[in-house]
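Have a look at the structure below before the remarks.
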Amino acid sequence: MALIDCRDLTLSYDGNVVLSRLSFQVEDGDCLYVLGENGCGKSTLLKAMLSLKSPDGGEIVFQEGLRRGDIGYLPQQTEAQKDFPANVWEVVLSGCLNSRGLRPFYSKADRARARANMEKLGIADLSRACFRELSGGQQRRVLLARALCAAKRLLLLDEPFAGLDPVITQDLYRIVEELSGEGMTVVMVSHDLAGAVSHASRILHLQKNGPAFFGTVPEYLNSSLGRRFLGDAGND
């Protein structure tokens, strides 16, 4: 059974239907990129997969044993998040809140998980640094480490590299690819068509007024939708 099976899914945002009768599956170990123009329902879909939003139609079926606490989530970064008054260690460790349950304090395992994820993201030396004083790329690494503290099986990323320079972006792509190679299932919303083609295992391309595409990268490259949008990207 798929890790997540979306069947005839209909979702709305602010009273308007943004996705209609969408069906696709997320398999264990997938690196699925969700593409599409602004307003086509990409972020709304992630919130539905997090059970933060109920479908207007259809259903989302989770593999038996997959719990909300097994999912890490990195939302689009807001200005308020950039100015968060805490140090890096506190931000990363807060990703363990779901697993803490009713315990009043973080466990040794929680702290070890936070330290390991900071090492993985190359931010261990920033442990006591103030989050709001970091560069954009450093902040994104911290938030990704926080999401990893929550993620046991699935990581949902909503435009995690938006606004970053190409060098930092490529480094973060490498990190996400390594996570996927280690067995973490990744679903990433992105506007970077070229990056998706280079790094995804499968692609879900949503459209405001038209059918969605779901399939492998080679299938996407050979589809009329893929050829049209990649051609457009190549002409920018």
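Ligands are numbered from 1 in the order shown, residues from 1 within each chain, and chains are lettered A, B, ... in the order they appear in the structure tokens.
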Practice task
Just list the residues in region 46-133 of chain A DSSP gives helix (DSSP H, G or I) on the backbone, as number ranges by chain.
Solution key: A: 46-49, 68-70, 79-82, 88-100, 108-120, 124-126, 131-133
So that I have them on file, write out the residues from the current selection with C-alpha atoms, as a short mmCIF file (atom, residue, chain, number, x, y, z; two decimals), in the first residue's frame.
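Just written: part.cif:
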```
data_model
loop_
_atom_site.label_atom_id
_atom_site.label_comp_id
_atom_site.auth_asym_id
_atom_site.auth_seq_id
_atom_site.Cartn_x
_atom_site.Cartn_y
_atom_site.Cartn_z
CA LEU A 46 0.24 19.94 1.74
CA LYS A 47 -2.06 21.16 4.51
CA ALA A 48 -4.58 18.47 3.59
CA MET A 49 -1.82 15.85 3.73
CA ARG A 68 0.81 12.75 12.20
CA GLY A 69 3.83 12.75 14.50
CA ASP A 70 5.83 10.92 11.82
CA GLU A 79 8.66 37.73 7.86
CA ALA A 80 7.55 36.91 11.41
CA GLN A 81 9.49 33.63 11.30
CA LYS A 82 12.62 35.41 10.10
CA VAL A 88 19.30 28.00 16.90
CA TRP A 89 19.34 25.16 19.44
CA GLU A 90 15.92 26.14 20.79
CA VAL A 91 14.40 26.37 17.31
CA VAL A 92 15.75 22.98 16.17
CA LEU A 93 14.87 21.21 19.42
CA SER A 94 11.28 22.49 19.21
CA GLY A 95 10.83 20.10 16.28
CA CYS A 96 10.71 17.30 18.88
CA LEU A 97 7.58 18.70 20.57
CA ASN A 98 5.23 16.18 18.95
CA SER A 99 7.27 13.21 20.14
CA ARG A 100 7.60 14.66 23.64
CA LYS A 108 18.07 12.58 25.96
CA ALA A 109 16.87 11.01 22.71
CA ASP A 110 15.21 14.29 21.67
CA ARG A 111 18.42 16.22 22.32
CA ALA A 112 20.51 13.65 20.50
CA ARG A 113 18.15 13.84 17.52
CA ALA A 114 18.42 17.63 17.43
CA ARG A 115 22.22 17.52 17.61
CA ALA A 116 22.40 14.90 14.85
CA ASN A 117 20.17 16.95 12.55
CA MET A 118 22.21 20.10 13.21
CA GLU A 119 25.35 18.17 12.25
CA LYS A 120 23.63 16.87 9.12
CA ALA A 124 26.19 22.69 14.81
CA ASP A 125 28.55 25.65 15.28
CA LEU A 126 25.56 28.03 15.27
CA PHE A 131 17.99 32.85 14.77
CA ARG A 132 16.93 36.29 13.55
CA GLU A 133 20.56 37.35 13.07
#
```
Exercise for the section: Name all residues at most 9 Å from region 178-194 of chain A (count only C-alpha atoms; drop same-chain ones fewer than 3 positions away) and give them as a VMD selection string. Expected result: chain A and resid 3 26 to 38 42 to 43 46 151 to 162 173 to 175 197 to 199 229 to 230 233
Practice task
Could you tell me how far CA of Phe62 (chain A) lies from CA of Ala2 (chain A), in Å and to one decimal?
Solution key: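 Computing the Euclidean distance for CA of Phe62 (chain A) and CA of Ala2 (chain A) yields 7.7 Å.
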Handout entry: Å distance separating CA of Leu74 (chain A) from CA of Tyr13 (chain A), one decimal place
Key = 19.7 Å
Exercise for the section: Give the strand (DSSP E) residues of region 22-162 of chain A, as DSSP finds them on the backbone, and put them as an MDAnalysis selection string. Expected result: chainID A and resid 22:26 31:35 57:62 71:74 154:158
What does the file look like for those residues with C-alpha atoms, as a JSON list (two decimals), in the first residue's frame?
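File part.json, as written:
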```json
[["chain", "number", "residue", "atom", "x", "y", "z"],
["A", 22, "LEU", "CA", -7.11, 14.75, -8.02],
["A", 23, "SER", "CA", -5.67, 11.25, -7.59],
["A", 24, "PHE", "CA", -2.03, 10.31, -6.93],
["A", 25, "GLN", "CA", 0.10, 8.22, -4.58],
["A", 26, "VAL", "CA", 3.18, 8.87, -2.47],
["A", 31, "CYS", "CA", 11.02, 12.32, -3.74],
["A", 32, "LEU", "CA", 7.88, 13.90, -5.19],
["A", 33, "TYR", "CA", 8.00, 17.46, -6.48],
["A", 34, "VAL", "CA", 4.71, 19.39, -6.69],
["A", 35, "LEU", "CA", 4.80, 22.00, -9.45],
["A", 57, "GLY", "CA", -14.51, 15.61, -1.71],
["A", 58, "GLY", "CA", -12.59, 12.39, -2.08],
["A", 59, "GLU", "CA", -10.22, 11.08, 0.56],
["A", 60, "ILE", "CA", -6.62, 10.86, 1.71],
["A", 61, "VAL", "CA", -5.72, 7.36, 2.89],
["A", 62, "PHE", "CA", -2.60, 6.96, 5.03],
["A", 71, "ILE", "CA", 5.57, 13.89, 9.44],
["A", 72, "GLY", "CA", 7.92, 16.87, 9.38],
["A", 73, "TYR", "CA", 6.70, 20.11, 7.79],
["A", 74, "LEU", "CA", 8.57, 23.16, 6.56],
["A", 154, "LEU", "CA", 7.76, 11.80, 5.73],
["A", 155, "LEU", "CA", 9.02, 15.35, 5.10],
["A", 156, "LEU", "CA", 6.76, 17.99, 3.52],
["A", 157, "LEU", "CA", 8.54, 21.10, 2.20],
["A", 158, "ASP", "CA", 6.69, 24.17, 0.88]]
```
Exercise for the section: Measuring atom to atom with only C-alpha atoms, identify which of A:Ala129, A:Met1, A:Phe105, A:Arg140 is nearest to Gln77 (chain A). Expected result: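 Closest to Gln77 (chain A), using only C-alpha atoms: A:Arg140.
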